[in-house]
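Participant: If it helps, the file is called upload-v5.cif and holds mmCIF, C-alpha atoms and all ligand atoms:
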data_entry
#
loop_
_atom_site.label_atom_id
_atom_site.label_comp_id
_atom_site.auth_asym_id
_atom_site.auth_seq_id
_atom_site.Cartn_x
_atom_site.Cartn_y
_atom_site.Cartn_z
CA MET A 1 0.00 0.00 0.00
CA ALA A 2 1.10 3.58 -0.60
CA ARG A 3 2.36 5.09 2.60
CA MET A 4 0.16 7.71 4.16
CA ARG A 5 1.24 11.33 4.48
CA LEU A 6 -0.17 13.22 7.43
CA ASP A 7 -0.97 16.21 5.23
CA ASP A 8 -3.34 13.96 3.27
CA LEU A 9 -5.70 13.81 6.26
CA ASP A 10 -9.09 15.43 5.59
CA LEU A 11 -8.90 17.00 9.06
CA PRO A 12 -5.56 17.74 10.74
CA VAL A 13 -6.57 16.02 13.96
CA ILE A 14 -5.11 12.81 15.39
CA GLY A 15 -7.03 11.08 18.16
CA ALA A 16 -4.33 10.35 20.73
CA PRO A 17 -3.68 6.74 21.63
CA MET A 18 -4.78 6.40 25.27
CA ALA A 19 -3.56 3.16 26.81
CA GLY A 20 -5.22 1.37 29.69
CA GLY A 21 -8.66 1.00 28.12
CA THR A 22 -9.49 4.63 27.39
CA THR A 23 -9.02 4.28 23.65
CA THR A 24 -11.50 1.80 22.20
CA PRO A 25 -11.83 0.53 18.63
CA GLN A 26 -15.06 2.56 18.49
CA LEU A 27 -13.18 5.78 19.35
CA VAL A 28 -10.48 5.06 16.77
CA ALA A 29 -13.04 4.30 14.08
CA ALA A 30 -15.08 7.41 14.92
CA VAL A 31 -12.06 9.71 14.70
CA SER A 32 -10.89 8.18 11.41
CA ALA A 33 -14.38 8.13 9.91
CA ALA A 34 -14.69 11.84 10.75
CA GLY A 35 -11.63 12.55 8.60
CA GLY A 36 -9.01 12.62 11.36
CA LEU A 37 -6.69 9.78 12.32
CA GLY A 38 -7.66 7.39 15.11
CA MET A 39 -4.85 5.66 17.00
CA LEU A 40 -5.16 2.39 18.91
CA ALA A 41 -3.17 2.33 22.15
CA ALA A 42 -1.25 -0.95 22.30
CA GLY A 43 0.86 -0.09 25.34
CA TYR A 44 0.34 -2.64 28.19
CA GLN A 45 -1.61 -4.90 25.78
CA PRO A 46 -0.63 -8.45 24.90
CA PRO A 47 -0.30 -8.98 21.12
CA GLU A 48 -3.54 -10.98 20.94
CA ALA A 49 -5.52 -8.03 22.32
CA LEU A 50 -3.89 -5.72 19.78
CA ALA A 51 -4.75 -8.14 16.96
CA ALA A 52 -8.38 -8.21 18.11
CA ASP A 53 -8.52 -4.40 18.32
CA VAL A 54 -7.04 -3.97 14.82
CA LEU A 55 -9.66 -6.35 13.48
CA ALA A 56 -12.43 -4.54 15.37
CA VAL A 57 -11.46 -1.15 13.89
CA LYS A 58 -11.29 -2.65 10.39
CA GLU A 59 -14.83 -3.93 10.85
CA LEU A 60 -16.01 -0.45 11.83
CA THR A 61 -14.28 1.65 9.17
CA THR A 62 -12.29 1.38 5.97
CA ARG A 63 -10.49 4.64 6.78
CA PRO A 64 -6.80 4.65 7.71
CA PHE A 65 -5.91 4.42 11.40
CA GLY A 66 -2.82 3.83 13.51
CA VAL A 67 -1.35 1.90 16.42
CA ASN A 68 0.83 3.25 19.24
CA LEU A 69 3.55 1.22 20.97
CA PHE A 70 5.70 1.76 24.07
CA VAL A 71 9.50 1.61 23.93
CA LEU A 72 10.54 0.58 27.42
CA GLU A 73 13.90 1.52 28.89
CA GLN A 74 15.77 -1.29 30.63
CA LEU A 75 16.32 0.11 34.11
CA ASP A 76 19.03 -0.54 36.69
CA ARG A 77 17.34 -3.12 38.87
CA THR A 78 19.99 -3.11 41.60
CA VAL A 79 19.44 0.55 42.30
CA LEU A 80 15.67 0.70 41.84
CA GLU A 81 14.42 -2.57 43.31
CA PRO A 82 14.82 -1.50 46.95
CA GLN A 83 13.18 1.83 46.18
CA VAL A 84 10.20 0.16 44.51
CA ALA A 85 9.95 -2.30 47.43
CA ALA A 86 9.86 0.60 49.90
CA TYR A 87 7.17 2.39 47.87
CA ARG A 88 5.20 -0.85 47.68
CA ASP A 89 5.42 -1.25 51.47
CA SER A 90 4.18 2.30 51.94
CA LEU A 91 1.01 1.35 50.01
CA ALA A 92 0.04 -1.56 52.28
CA GLY A 93 -2.65 0.44 54.10
CA GLU A 94 -4.22 1.66 50.84
CA ALA A 95 -4.25 -1.84 49.40
CA GLU A 96 -5.81 -3.33 52.52
CA ARG A 97 -8.51 -0.68 52.63
CA LEU A 98 -9.38 -1.31 48.98
CA GLY A 99 -9.04 -5.10 49.21
CA ALA A 100 -6.48 -5.08 46.39
CA PRO A 101 -3.25 -7.07 46.03
CA LEU A 102 0.14 -5.35 45.69
CA PRO A 103 1.92 -7.41 43.02
CA GLN A 104 5.67 -7.84 42.77
CA PRO A 105 6.88 -5.97 39.67
CA SER A 106 8.65 -7.55 36.72
CA TRP A 107 12.14 -6.27 35.80
CA TYR A 108 12.45 -7.97 32.43
CA GLY A 109 9.30 -6.87 30.59
CA THR A 110 9.51 -5.46 27.08
CA ASP A 111 5.75 -4.88 26.75
CA HIS A 112 5.82 -7.61 24.04
CA LEU A 113 7.30 -5.07 21.63
CA GLU A 114 8.88 -7.64 19.30
CA ASP A 115 5.66 -9.65 19.01
CA LYS A 116 3.61 -6.55 18.35
CA LEU A 117 6.07 -5.38 15.69
CA ALA A 118 5.85 -8.77 14.02
CA LEU A 119 2.08 -8.56 14.09
CA LEU A 120 2.09 -5.09 12.54
CA ALA A 121 4.58 -6.15 9.87
CA ALA A 122 2.19 -8.97 8.91
CA GLU A 123 -1.03 -6.95 9.37
CA PRO A 124 0.07 -3.40 8.47
CA VAL A 125 -1.83 -0.31 9.56
CA ALA A 126 -1.47 3.17 8.06
CA VAL A 127 0.48 4.66 10.97
CA VAL A 128 2.57 3.24 13.79
CA SER A 129 3.68 5.63 16.53
CA PHE A 130 6.09 5.10 19.40
CA THR A 131 6.33 6.77 22.76
CA PHE A 132 8.86 6.72 25.65
CA GLY A 133 11.80 6.31 23.28
CA CYS A 134 13.06 5.49 19.82
CA PRO A 135 12.59 2.06 18.30
CA GLU A 136 15.53 0.35 16.59
CA PRO A 137 16.08 1.78 13.07
CA ALA A 138 15.61 -1.77 11.69
CA ALA A 139 12.15 -1.94 13.29
CA VAL A 140 11.22 1.41 11.75
CA GLN A 141 12.40 0.23 8.35
CA ARG A 142 10.47 -3.01 8.64
CA LEU A 143 7.25 -1.14 9.36
CA GLN A 144 7.89 1.28 6.52
CA GLU A 145 8.52 -1.60 4.13
CA ALA A 146 5.19 -3.07 5.26
CA GLY A 147 3.56 0.24 4.22
CA SER A 148 3.24 2.10 7.53
CA THR A 149 4.14 5.70 8.25
CA VAL A 150 6.17 5.82 11.46
CA LEU A 151 5.85 8.52 14.13
CA VAL A 152 8.02 8.95 17.21
CA THR A 153 7.11 11.15 20.19
CA ALA A 154 9.58 13.74 21.45
CA THR A 155 9.39 16.22 24.30
CA ASP A 156 12.45 18.33 23.45
CA ALA A 157 14.78 19.15 20.56
CA ALA A 158 17.30 16.41 21.44
CA GLU A 159 14.58 13.75 21.46
CA ALA A 160 13.32 15.11 18.15
CA ARG A 161 16.81 14.67 16.67
CA ALA A 162 16.88 11.11 18.03
CA ALA A 163 13.49 10.45 16.43
CA ALA A 164 14.79 11.67 13.07
CA GLY A 165 17.91 9.58 13.61
CA CYS A 166 15.99 6.33 13.99
CA GLY A 167 14.26 6.94 10.66
CA ALA A 168 10.85 8.25 11.73
CA ASP A 169 8.65 9.78 9.02
CA ALA A 170 7.19 12.36 11.42
CA ILE A 171 7.60 13.55 15.00
CA VAL A 172 4.92 14.07 17.64
CA LEU A 173 6.00 17.02 19.77
CA GLN A 174 4.35 16.63 23.14
CA GLY A 175 4.18 19.74 25.30
CA HIS A 176 3.90 19.87 29.09
CA GLU A 177 0.16 20.58 28.86
CA ALA A 178 -0.53 17.01 27.77
CA GLY A 179 -2.65 14.57 29.74
CA ALA A 180 -1.16 11.35 31.14
CA HIS A 181 2.47 10.29 30.63
CA ARG A 182 5.14 12.54 29.26
CA GLY A 183 6.87 10.78 26.42
CA THR A 184 10.36 11.62 27.73
CA HIS A 185 12.87 9.09 26.41
CA LEU A 186 14.44 8.55 29.85
CA VAL A 187 12.25 7.50 32.77
CA ALA A 188 14.37 9.38 35.31
CA ALA A 189 14.44 12.64 33.35
CA THR A 190 12.62 15.59 34.86
CA PRO A 191 10.26 16.75 32.12
CA ASN A 192 10.61 20.31 30.86
CA ARG A 193 7.81 22.88 30.96
CA TYR A 194 7.72 23.71 27.24
CA ASP A 195 4.29 23.89 25.71
CA HIS A 196 3.70 22.56 22.21
CA LEU A 197 4.09 25.99 20.60
CA ALA A 198 7.49 26.48 22.23
CA LEU A 199 8.55 23.02 21.04
CA LEU A 200 7.38 23.77 17.50
CA GLN A 201 9.26 27.05 17.53
CA GLU A 202 12.48 25.30 18.51
CA VAL A 203 12.20 22.12 16.45
CA ALA A 204 10.57 23.30 13.19
CA PRO A 205 13.67 25.18 11.97
CA GLN A 206 15.82 22.10 12.68
CA THR A 207 13.99 19.43 10.66
CA ASP A 208 12.16 18.81 7.41
CA LEU A 209 10.05 16.08 8.98
CA PRO A 210 6.33 16.75 9.49
CA LEU A 211 5.56 17.72 13.09
CA VAL A 212 2.45 16.87 15.10
CA ALA A 213 1.64 19.10 18.08
CA ALA A 214 0.23 17.53 21.25
CA GLY A 215 -0.82 18.94 24.60
CA GLY A 216 -3.73 21.10 25.66
CA VAL A 217 -5.42 21.44 22.27
CA THR A 218 -9.09 22.23 22.92
CA THR A 219 -10.18 24.60 20.13
CA ALA A 220 -9.86 25.09 16.38
CA GLY A 221 -7.86 28.21 17.25
CA ASP A 222 -5.29 26.01 19.02
CA THR A 223 -5.05 23.85 15.90
CA ARG A 224 -4.63 26.89 13.66
CA ARG A 225 -1.91 28.34 15.87
CA ALA A 226 -0.09 25.00 15.87
CA GLN A 227 -0.32 24.89 12.06
CA GLU A 228 0.99 28.45 11.81
CA ALA A 229 3.93 27.40 13.98
CA GLY A 230 4.74 24.55 11.60
CA ALA A 231 2.59 21.59 12.69
CA VAL A 232 0.94 19.39 10.07
CA ALA A 233 -1.66 18.20 12.60
CA VAL A 234 -2.53 18.18 16.28
CA GLN A 235 -2.91 15.11 18.51
CA VAL A 236 -5.66 15.34 21.13
CA GLY A 237 -6.40 13.06 24.04
CA THR A 238 -8.15 14.87 26.88
CA ALA A 239 -10.67 16.51 24.50
CA LEU A 240 -12.01 13.03 23.65
CA LEU A 241 -12.25 11.59 27.17
CA LEU A 242 -15.94 12.32 27.69
CA SER A 243 -17.07 11.20 24.24
CA PRO A 244 -19.40 8.20 24.33
CA GLU A 245 -16.84 6.20 22.32
CA SER A 246 -14.10 6.67 24.94
CA GLY A 247 -13.51 3.80 27.34
CA ALA A 248 -13.20 6.15 30.34
CA GLY A 249 -15.13 4.57 33.21
CA ALA A 250 -17.78 6.14 35.43
CA THR A 251 -15.41 7.25 38.22
CA TYR A 252 -13.00 8.86 35.74
CA ARG A 253 -15.85 10.64 33.93
CA ALA A 254 -17.28 11.88 37.22
CA ALA A 255 -13.86 13.16 38.29
CA LEU A 256 -13.45 15.11 35.05
CA ARG A 257 -16.67 16.97 35.89
CA ASP A 258 -15.98 17.27 39.63
CA ASP A 259 -15.69 20.92 40.66
CA THR A 260 -13.69 20.03 43.78
CA LEU A 261 -10.79 18.79 41.64
CA THR A 262 -9.30 22.08 40.58
CA GLU A 263 -5.88 21.42 39.08
CA THR A 264 -3.70 18.97 37.20
CA VAL A 265 -0.14 18.13 38.20
CA VAL A 266 2.66 16.06 36.71
CA THR A 267 3.43 13.24 39.13
CA ARG A 268 5.22 9.90 39.29
CA ALA A 269 2.98 8.75 42.15
CA PHE A 270 0.87 6.30 40.13
CA THR A 271 3.30 4.73 37.67
CA GLY A 272 6.88 5.85 38.35
CA ARG A 273 6.82 7.97 35.18
CA PRO A 274 5.87 11.65 35.11
CA ALA A 275 2.23 11.90 34.06
CA ARG A 276 -0.32 14.69 34.24
CA ALA A 277 -3.34 13.88 36.39
CA LEU A 278 -6.02 15.68 38.35
CA ARG A 279 -4.64 16.40 41.81
CA ASN A 280 -6.59 14.12 44.13
CA ARG A 281 -5.91 12.73 47.61
CA PHE A 282 -3.43 10.09 46.38
CA VAL A 283 -1.37 12.70 44.52
CA ALA A 284 -1.52 15.15 47.44
CA GLU A 285 -0.16 12.49 49.80
CA ARG A 286 2.32 10.72 47.54
CA ASP A 287 3.64 13.13 44.93
CA GLY A 288 7.42 13.17 45.12
CA THR A 289 7.70 9.85 46.94
CA ALA A 290 7.60 7.31 44.09
CA PRO A 291 10.84 6.09 42.50
CA SER A 292 11.58 6.63 38.79
CA ALA A 293 10.69 3.06 37.83
CA PHE A 294 8.28 2.52 34.96
CA PRO A 295 6.45 0.20 34.44
CA GLN A 296 7.33 -1.33 37.82
CA VAL A 297 5.48 1.25 39.95
CA ASP A 298 2.59 1.02 37.48
CA GLN A 299 2.43 -2.74 38.02
CA VAL A 300 2.52 -2.40 41.81
CA THR A 301 -0.28 0.18 41.98
CA LYS A 302 -2.51 -1.10 39.16
CA PRO A 303 -4.85 -3.41 41.17
CA LEU A 304 -5.23 -0.75 43.84
CA ARG A 305 -6.15 1.88 41.25
CA ARG A 306 -8.58 -0.50 39.54
CA ALA A 307 -10.28 -1.32 42.83
CA ALA A 308 -10.59 2.37 43.66
CA ALA A 309 -12.12 3.13 40.24
CA GLN A 310 -14.58 0.27 40.65
CA ALA A 311 -15.56 1.53 44.09
CA GLY A 312 -16.11 5.08 42.81
CA ASP A 313 -13.21 6.29 44.98
CA VAL A 314 -12.04 9.38 43.08
CA GLY A 315 -9.30 10.10 45.62
CA SER A 316 -7.34 6.88 45.16
CA THR A 317 -7.06 6.31 41.42
CA HIS A 318 -5.19 7.94 38.54
CA LEU A 319 -7.25 10.60 36.76
CA TRP A 320 -5.15 11.42 33.72
CA ALA A 321 -6.00 14.84 32.32
CA GLY A 322 -4.32 17.57 30.32
CA ILE A 323 -4.48 21.21 31.37
CA GLY A 324 -7.49 21.73 29.10
CA TRP A 325 -9.65 19.16 30.86
CA ARG A 326 -12.39 21.63 31.73
CA ALA A 327 -13.10 22.00 27.99
CA ALA A 328 -13.73 18.27 27.45
CA GLN A 329 -17.26 17.75 26.17
CA GLU A 330 -19.75 14.91 26.34
CA ARG A 331 -20.28 14.77 22.58
CA PRO A 332 -19.68 12.22 19.83
CA ALA A 333 -16.00 11.99 18.92
CA ALA A 334 -16.76 12.90 15.29
CA GLU A 335 -18.22 16.25 16.39
CA ILE A 336 -15.30 16.98 18.70
CA VAL A 337 -12.81 16.25 15.92
CA ALA A 338 -14.74 18.35 13.40
CA ASP A 339 -14.82 21.27 15.84
CA LEU A 340 -11.04 21.09 16.37
CA ALA A 341 -10.34 21.49 12.67
CA PRO A 342 -9.78 25.11 11.59
C1 LIG A 401 -5.77 8.96 29.27
C2 LIG A 401 -4.58 9.19 28.39
C3 LIG A 401 -3.79 8.12 28.02
C4 LIG A 401 -2.70 8.31 27.17
N1 LIG A 401 -1.98 7.23 26.73
C5 LIG A 401 -1.01 7.41 25.78
C6 LIG A 401 -0.40 6.28 25.16
O1 LIG A 401 -0.70 5.13 25.44
N2 LIG A 401 0.55 6.52 24.22
C7 LIG A 401 0.90 7.78 23.83
O2 LIG A 401 1.76 7.94 22.96
N3 LIG A 401 0.33 8.87 24.41
C8 LIG A 401 -0.62 8.70 25.35
N4 LIG A 401 -1.24 9.80 25.90
C9 LIG A 401 -0.75 11.15 25.55
C10 LIG A 401 -1.31 11.61 24.22
O3 LIG A 401 -0.66 10.97 23.16
C11 LIG A 401 -1.14 13.12 24.00
O4 LIG A 401 0.21 13.49 24.12
C12 LIG A 401 -1.96 13.96 24.96
O5 LIG A 401 -3.23 13.41 25.16
C13 LIG A 401 -2.10 15.36 24.40
O6 LIG A 401 -2.53 16.24 25.38
P1 LIG A 401 -4.08 16.47 25.74
O7 LIG A 401 -4.44 15.29 26.59
O8 LIG A 401 -4.07 17.75 26.49
O9 LIG A 401 -4.85 16.50 24.45
C14 LIG A 401 -2.35 9.63 26.73
C15 LIG A 401 -3.16 10.70 27.12
C16 LIG A 401 -4.27 10.50 27.92
C17 LIG A 401 -5.12 11.68 28.29
#
In structure tokens, write the structure found in this file.
Facilitator:
Amino acid sequence: MARMRLDDLDLPVIGAPMAGGTTTPQLVAAVSAAGGLGMLAAGYQPPEALAADVLAVKELTTRPFGVNLFVLEQLDRTVLEPQVAAYRDSLAGEAERLGAPLPQPSWYGTDHLEDKLALLAAEPVAVVSFTFGCPEPAAVQRLQEAGSTVLVTATDAAEARAAAGCGADAIVLQGHEAGAHRGTHLVAATPNRYDHLALLQEVAPQTDLPLVAAGGVTTAGDTRRAQEAGAVAVQVGTALLLSPESGAGATYRAALRDDTLTETVVTRAFTGRPARALRNRFVAERDGTAPSAFPQVDQVTKPLRRAAAQAGDVGSTHLWAGIGWRAAQERPAAEIVADLAP
């Protein structure tokens, strides 16, 4: 198949991949059918689940869509294991209260990256994007030969150069406004405070690759300003959270409309990686105490967060949200995407 160019999109709006169940095949299909580009979130998923999701989207739309993958850094276990163990111990009271286990983390996981790459080489999709780091150049080439356009997320100019260096066709520049995890290539790095316009201003003169702007996009004016600063498209996550097609559960949806939650902060408290979330009780008590170990801290806290979400306990679960969360609307994804196009 001919490889897709992002400037061929009818609408310059990419529906962000949102791992952990928030992105559904229905959301991806709705965004793509509206003329944008829907992205499945394959992070945390086993390959079989990704295969099923790819099939599900293809049954819902014939429009192009993409898949997002995590590139996990191999961390120094000797240094981090005691820190993760101490953090895990500190959560014993929370876990007991919620009736949730505190699993032991795995230090050898790769998030099934090789298997997912093999799947996507055999069952190509229009776009494959990577976050948290650069894939091997050979993996990029293999996807490109299979017909996919490859995107790599960067949060500063050095990461953008690395993305170009591994052979990416385009770069997603994620500003600090963005909901959920920062895509910083090193887990331990302290993320910068550049917004997507500042990143575009710095990176656009340094590369010929198409740039996608992510973080805090809530209006067509935001999209137009990003385009004027050199972006070919915007990538939006938070704006889609309340759409009926999103997989956000009842507790998460209620939190996004809860007037008592008044700010978002970037915290490692839930997963060990900096991520922007609504500041709730868990963040207030634990921000600054979690080690820089992803996905190990994520694995330790996951059952606890799930139990809290199931119990409607807004204070004890992760509530990923970008700075524009107040603008998220309960409307069909197609309408949201259409409204974001200039
Ligand atoms: C709930 C949620 C989950 C996310 N999961 C992923 C992911 O799996 N992979 C990824 O590359 N980006 C992920 N992101 C970040 C988005 O790609 C994007 O950078 C961000 O949503 C843009 O900022 P906004 O939320 O203000 O629109 C996620 C964002 C949210 C809100």
Participant: Collect all residues with atoms no farther than 9 Å from ligand LIG 401 (chain A), counting all atoms listed in the file, and output them as a VMD selection string.
Facilitator: chain A and resid 15 to 23 40 to 44 68 to 70 129 to 132 152 to 153 172 to 183 213 to 218 234 to 241 248 275 to 277 319 to 325
Participant: Rounded to one decimal in Å, what is the spacing between atom CA of A:Glu94 and atom CA of A:Thr317?
Facilitator: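 So the answer is 10.9 Å.
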Participant: List as a PyMOL selection string the protein and nucleic acid residues near A:Pro105, meaning an atom at most 7 Å away when only C-alpha atoms are counted, but skip any in the same chain fewer than 6 places from it.
Facilitator: chain A and resi 296+299-300
Participant: Please identify all polymer residues within 9 Å of A:Gly109, counting only C-alpha atoms, omitting same-chain residues fewer than 6 positions from it, and present them as a PyMOL selection string.
Facilitator: chain A and resi 72+74+295
Participant: Would you mind exporting C-alpha atoms of the selected residues as a short mmCIF file (atom, residue, chain, number, x, y, z; two decimals), in the coordinates of the input?
Facilitator:
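Final file, out-v2.cif:
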data_model
loop_
_atom_site.label_atom_id
_atom_site.label_comp_id
_atom_site.auth_asym_id
_atom_site.auth_seq_id
_atom_site.Cartn_x
_atom_site.Cartn_y
_atom_site.Cartn_z
CA LEU A 72 10.54 0.58 27.42
CA GLN A 74 15.77 -1.29 30.63
CA PRO A 295 6.45 0.20 34.44
#
Participant: Which is closest to A:Gly38 among A:Thr301, A:Thr223, A:Ser246, A:Thr264, if we use all atoms listed in the file?
Facilitator: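 Of the candidates, the smallest distance to A:Gly38 is held by A:Ser246.
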Participant: From the list A:Ala328, A:Ala146, A:Ala30, A:Val140, which residue is nearest A:Ala168 when using only C-alpha atoms?
Facilitator: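 Result for the nearest residue to A:Ala168: A:Val140.
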Participant: Within 12 Å of (-4.6, -5.6, 49.1), in the coordinates the file gives, what residues turn up when you count all atoms listed in the file, written out as a list in words?
Facilitator: Arg88, Asp89, Leu91, Ala92, Gly93, Glu94, Ala95, Glu96, Arg97, Leu98, Gly99, Ala100, Pro101, Leu102, Pro103, Val300, Thr301, Lys302, Pro303, Leu304, Arg305, Arg306, Ala307 and Ala308 of chain A
Participant: Go ahead and write the residues just picked, C-alpha atoms, as an mmCIF file, in the frame of the given file.
Facilitator:
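This is the output file again.cif:
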data_model
loop_
_atom_site.group_PDB
_atom_site.id
_atom_site.type_symbol
_atom_site.label_atom_id
_atom_site.label_comp_id
_atom_site.auth_asym_id
_atom_site.auth_seq_id
_atom_site.Cartn_x
_atom_site.Cartn_y
_atom_site.Cartn_z
ATOM 1 C CA ARG A 88 5.200 -0.850 47.680
ATOM 2 C CA ASP A 89 5.420 -1.250 51.470
ATOM 3 C CA LEU A 91 1.010 1.350 50.010
ATOM 4 C CA ALA A 92 0.040 -1.560 52.280
ATOM 5 C CA GLY A 93 -2.650 0.440 54.100
ATOM 6 C CA GLU A 94 -4.220 1.660 50.840
ATOM 7 C CA ALA A 95 -4.250 -1.840 49.400
ATOM 8 C CA GLU A 96 -5.810 -3.330 52.520
ATOM 9 C CA ARG A 97 -8.510 -0.680 52.630
ATOM 10 C CA LEU A 98 -9.380 -1.310 48.980
ATOM 11 C CA GLY A 99 -9.040 -5.100 49.210
ATOM 12 C CA ALA A 100 -6.480 -5.080 46.390
ATOM 13 C CA PRO A 101 -3.250 -7.070 46.030
ATOM 14 C CA LEU A 102 0.140 -5.350 45.690
ATOM 15 C CA PRO A 103 1.920 -7.410 43.020
ATOM 16 C CA VAL A 300 2.520 -2.400 41.810
ATOM 17 C CA THR A 301 -0.280 0.180 41.980
ATOM 18 C CA LYS A 302 -2.510 -1.100 39.160
ATOM 19 C CA PRO A 303 -4.850 -3.410 41.170
ATOM 20 C CA LEU A 304 -5.230 -0.750 43.840
ATOM 21 C CA ARG A 305 -6.150 1.880 41.250
ATOM 22 C CA ARG A 306 -8.580 -0.500 39.540
ATOM 23 C CA ALA A 307 -10.280 -1.320 42.830
ATOM 24 C CA ALA A 308 -10.590 2.370 43.660
#
Participant: For a quick check of understanding, using all atoms listed in the file, which of A:Asp258, A:Asp287, A:Asp8, A:Glu228 has the smallest distance to A:Leu200?
Facilitator: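 Under the stated criterion, the closest residue is A:Glu228.
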Participant: Suppose you want the space between atom CA of A:Thr24 and atom CA of A:Ala126; what is it in Å?
Facilitator: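 Taking atom CA of A:Thr24 and atom CA of A:Ala126, their separation equals 17.4 Å.
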Participant: Taking only C-alpha atoms into account, name the residue in A:Val314, A:Leu27, A:Ala269, A:Ala56 that is nearest to A:Thr251.
Facilitator: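 Using only C-alpha atoms, A:Thr251 sits closest to A:Val314.
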Participant: What is the distance between atom CA of A:Leu209 and atom CA of A:Asp339, in Å to one decimal?
Facilitator: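 Going from atom CA of A:Leu209 over to atom CA of A:Asp339, I get 26.3 Å.
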Participant: Kindly indicate which residue among A:Ser90, A:Thr184, A:Thr190, A:Gln83 lies nearest to A:Val71, using all atoms listed in the file for the distances.
Facilitator: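 Of A:Ser90, A:Thr184, A:Thr190, A:Gln83, the one nearest A:Val71, counting all atoms listed in the file, is A:Thr184.
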Participant: Just checking: using only C-alpha atoms, which residue out of A:Leu261, A:Ala29, A:Ile336, A:Leu143 ends up closest to A:Ala122?
Facilitator: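 The answer is A:Leu143, which sits nearest to A:Ala122.
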Participant: For A:Leu9, list every protein, DNA or RNA residue within 9 Å, evaluated using all atoms listed in the file, and leave out those in the same chain fewer than 2 positions away; present the list as a list in words.
Facilitator: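 Once the adjacent positions are removed, what remains is Met4, Arg5, Leu6, Asp7, Leu11, Pro12, Val13, Gly35, Gly36, Leu37 and Ala233 of chain A.
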Participant: If you take every atom of stretch 171-185 of chain A that the file lists and fit an axis-aligned box around them with 5 Å extra on each side, what centre and edge lengths come out in Å to one decimal, as JSON?
Facilitator:
{"center_x": 5.1, "center_y": 14.8, "center_z": 23.1, "size_x": 25.5, "size_y": 21.5, "size_z": 26.1}
